[in-house]
Amino acid sequence: MKLVRAIKAAVVLTAVAMTGNRLAMAQDPKPLYEMNFEQAEVGKVPEGFLVLDGAFEVKQEEGNKFLELPGAPLDSFGVLFGPTEKSGVSVSARIRSTGKGRRYPAFGVGLNGQSGYRLQVSPGKKALEIYKGDLVVASTPYDWKSGEWTMFQFQIVKAGTVWKLAGKVWVQGAAEPAQAMVSYDEKEEPSPGRASVWGNPFATTPIQFDDLAVNSVPEGKAQ
């Protein structure tokens with residue numbers, strides 16, 4: 001059974017009650033999209049995925065299927081999936097890669113399309129970051145574990161006159177953080193777009209993506 005089925009009813013990010021970076025959580029998200037790659041054809045990209053760049057393809061290892069970005073060439077690559085949404089939505093995934101010497105990959109999940117927002121683990125900076133396009137708008141220290149699956153959750157919710165973005169990550173098998181780890185208040189109305197996953201294979205090692213999901217999140221219900 002893939003991990004996405006186990007976390008469907010788990011606590012996810014929801015409408016925001018802000019004190020610094022601390023955010024309230026909601027239960028029972030409504031799934032809008034799920035992909036665990038179990039029915040996907042090896043060597044191809046699942047139907048409905050829009051590859052922005054990169055040689056993404058489904059791979060299989062020890063009976064588990066996942067989407068893989070190869071370790072070359074060295075650049076930023078992404079793929080879009082799920083429905084087009086503007087707000088009241090979250091994206092989740094688990095991502096794995098390895099460092100090589102002093103070189104590290106960078107990877108994450110995104111919302112609101114190609115030029116929207118990303119929650120990215122940047123091991124070379126020892127940071128968890130929120131990007132708006134190509135600009136880092138929020139950052140917090142984070143110590144990444146090479147070779148382990150990293151769980152991602154990232155949301156955007158309308159709250160008053162702003163759109164609140166918030167995210168958290170944790171190693172698979174460890175306790176999920178009760179609060180968001182990094183957040184950003186967007187004052188400009190975001191454009192609608194699809195969810196995404198991204199990878200920068202700076203370590204020349206593959207980056208693997210699995211258990212992608214998009215969930216609806218109630219707007220404006222601070223807890």
# chains A, B, ... in the order shown; residues from 1 in each chain; ligands from 1
>>> residues_around(residues="Tyr131 (chain A)", least_positions_apart="2", cutoff="8 Å", atoms="only C-alpha atoms", output="ChimeraX atom specification")
/A:117-120,129,133-138
>>> select_by_dssp(residues="chain A", states="strand (DSSP E or B)", output="PyMOL selection string")
chain A and resi 12-13+19+22+25-26+30-35+50-53+57-61+64-69+77-85+89-96+100+103+106-111+117-122+127-132+135-141+150-159+162-171+182-186+193-200+207-216
>>> closest_residue(among="A:Leu165, A:Leu80, A:Ile207, A:Met151", to="Glu68 (chain A)", atoms="only C-alpha atoms")
A:Ile207
>>> select_by_dssp(residues="region 4-190 of chain A", states="helix (DSSP H, G or I)", output="VMD selection string")
chain A and resid 4 to 7
>>> residues_around(residues="region 29-43 of chain A", least_positions_apart="3", cutoff="7 Å", atoms="only C-alpha atoms", output="PyMOL selection string")
chain A and resi 2+9+46+57-60+65-66+82+210-217
>>> atom_distance(atom1="CA of Val89 (chain A)", atom2="CA of Asn200 (chain A)")
24.7 Å
>>> residues_around(residues="Gln114 (chain A)", least_positions_apart="3", cutoff="10 Å", atoms="only C-alpha atoms", output="list of chain:residue names")
A:Leu52, A:Gly78, A:Val79, A:Leu80, A:Gly110, A:Leu111, A:Tyr117, A:Arg118, A:Gly133, A:Gly193, A:Arg194, A:Ala195, A:Ser196, A:Val197, A:Trp198
>>> closest_residue(among="A:Asp185, A:Asp53, A:Glu148, A:Asp75", to="Gly173 (chain A)", atoms="only C-alpha atoms")
A:Glu148
>>> decode(residues="region 63-87 of chain A", atoms="N, CA and C atoms", output="mmCIF file, in the first residue's frame")
data_model
loop_
_atom_site.group_PDB
_atom_site.id
_atom_site.type_symbol
_atom_site.label_atom_id
_atom_site.label_comp_id
_atom_site.auth_asym_id
_atom_site.auth_seq_id
_atom_site.Cartn_x
_atom_site.Cartn_y
_atom_site.Cartn_z
ATOM 1 N N GLY A 63 9.716 -3.244 -6.283
ATOM 2 C CA GLY A 63 8.267 -3.296 -6.343
ATOM 3 C C GLY A 63 7.563 -1.967 -6.216
ATOM 4 N N ASN A 64 8.302 -0.886 -6.025
ATOM 5 C CA ASN A 64 7.719 0.440 -5.867
ATOM 6 C C ASN A 64 7.990 1.272 -7.112
ATOM 7 N N LYS A 65 6.944 1.896 -7.646
ATOM 8 C CA LYS A 65 7.090 2.781 -8.794
ATOM 9 C C LYS A 65 7.111 4.237 -8.348
ATOM 10 N N PHE A 66 7.869 5.051 -9.076
ATOM 11 C CA PHE A 66 7.982 6.473 -8.761
ATOM 12 C C PHE A 66 8.409 7.207 -10.023
ATOM 13 N N LEU A 67 8.286 8.514 -10.010
ATOM 14 C CA LEU A 67 8.749 9.353 -11.104
ATOM 15 C C LEU A 67 10.186 9.769 -10.809
ATOM 16 N N GLU A 68 11.077 9.648 -11.805
ATOM 17 C CA GLU A 68 12.483 9.958 -11.575
ATOM 18 C C GLU A 68 12.990 11.000 -12.567
ATOM 19 N N LEU A 69 13.772 11.938 -12.034
ATOM 20 C CA LEU A 69 14.522 12.901 -12.828
ATOM 21 C C LEU A 69 15.982 12.460 -12.806
ATOM 22 N N PRO A 70 16.617 12.231 -13.961
ATOM 23 C CA PRO A 70 18.005 11.758 -13.955
ATOM 24 C C PRO A 70 18.977 12.807 -13.428
ATOM 25 N N GLY A 71 20.193 12.374 -13.119
ATOM 26 C CA GLY A 71 21.192 13.259 -12.530
ATOM 27 C C GLY A 71 21.886 14.177 -13.506
ATOM 28 N N ALA A 72 21.522 14.143 -14.773
ATOM 29 C CA ALA A 72 22.084 15.037 -15.774
ATOM 30 C C ALA A 72 21.011 15.288 -16.846
ATOM 31 N N PRO A 73 21.033 16.478 -17.459
ATOM 32 C CA PRO A 73 21.957 17.595 -17.239
ATOM 33 C C PRO A 73 21.664 18.349 -15.941
ATOM 34 N N LEU A 74 22.550 19.289 -15.590
ATOM 35 C CA LEU A 74 22.416 20.060 -14.357
ATOM 36 C C LEU A 74 21.661 21.349 -14.635
ATOM 37 N N ASP A 75 20.416 21.374 -14.211
ATOM 38 C CA ASP A 75 19.564 22.549 -14.401
ATOM 39 C C ASP A 75 18.342 22.368 -13.511
ATOM 40 N N SER A 76 17.383 23.269 -13.625
ATOM 41 C CA SER A 76 16.137 23.169 -12.866
ATOM 42 C C SER A 76 15.046 22.609 -13.777
ATOM 43 N N PHE A 77 14.379 21.529 -13.314
ATOM 44 C CA PHE A 77 13.383 20.847 -14.126
ATOM 45 C C PHE A 77 12.101 20.641 -13.321
ATOM 46 N N GLY A 78 10.965 20.674 -14.028
ATOM 47 C CA GLY A 78 9.700 20.515 -13.329
ATOM 48 C C GLY A 78 8.637 19.862 -14.172
ATOM 49 N N VAL A 79 7.574 19.429 -13.501
ATOM 50 C CA VAL A 79 6.426 18.835 -14.177
ATOM 51 C C VAL A 79 5.167 19.278 -13.453
ATOM 52 N N LEU A 80 4.132 19.616 -14.210
ATOM 53 C CA LEU A 80 2.851 20.053 -13.660
ATOM 54 C C LEU A 80 1.862 18.893 -13.664
ATOM 55 N N PHE A 81 0.946 18.899 -12.680
ATOM 56 C CA PHE A 81 -0.057 17.840 -12.588
ATOM 57 C C PHE A 81 -1.262 18.362 -11.818
ATOM 58 N N GLY A 82 -2.364 17.629 -11.882
ATOM 59 C CA GLY A 82 -3.553 17.970 -11.112
ATOM 60 C C GLY A 82 -4.346 19.113 -11.724
ATOM 61 N N PRO A 83 -5.399 19.558 -11.008
ATOM 62 C CA PRO A 83 -6.287 20.597 -11.527
ATOM 63 C C PRO A 83 -5.688 21.995 -11.415
ATOM 64 N N THR A 84 -6.250 22.927 -12.144
ATOM 65 C CA THR A 84 -5.857 24.341 -12.070
ATOM 66 C C THR A 84 -6.599 25.016 -10.933
ATOM 67 N N GLU A 85 -5.857 25.561 -9.966
ATOM 68 C CA GLU A 85 -6.454 26.192 -8.788
ATOM 69 C C GLU A 85 -5.713 27.480 -8.467
ATOM 70 N N LYS A 86 -6.410 28.405 -7.784
ATOM 71 C CA LYS A 86 -5.782 29.665 -7.368
ATOM 72 C C LYS A 86 -5.484 29.684 -5.886
ATOM 73 N N SER A 87 -6.399 29.163 -5.067
ATOM 74 C CA SER A 87 -6.239 29.228 -3.617
ATOM 75 C C SER A 87 -7.109 28.150 -2.978
#
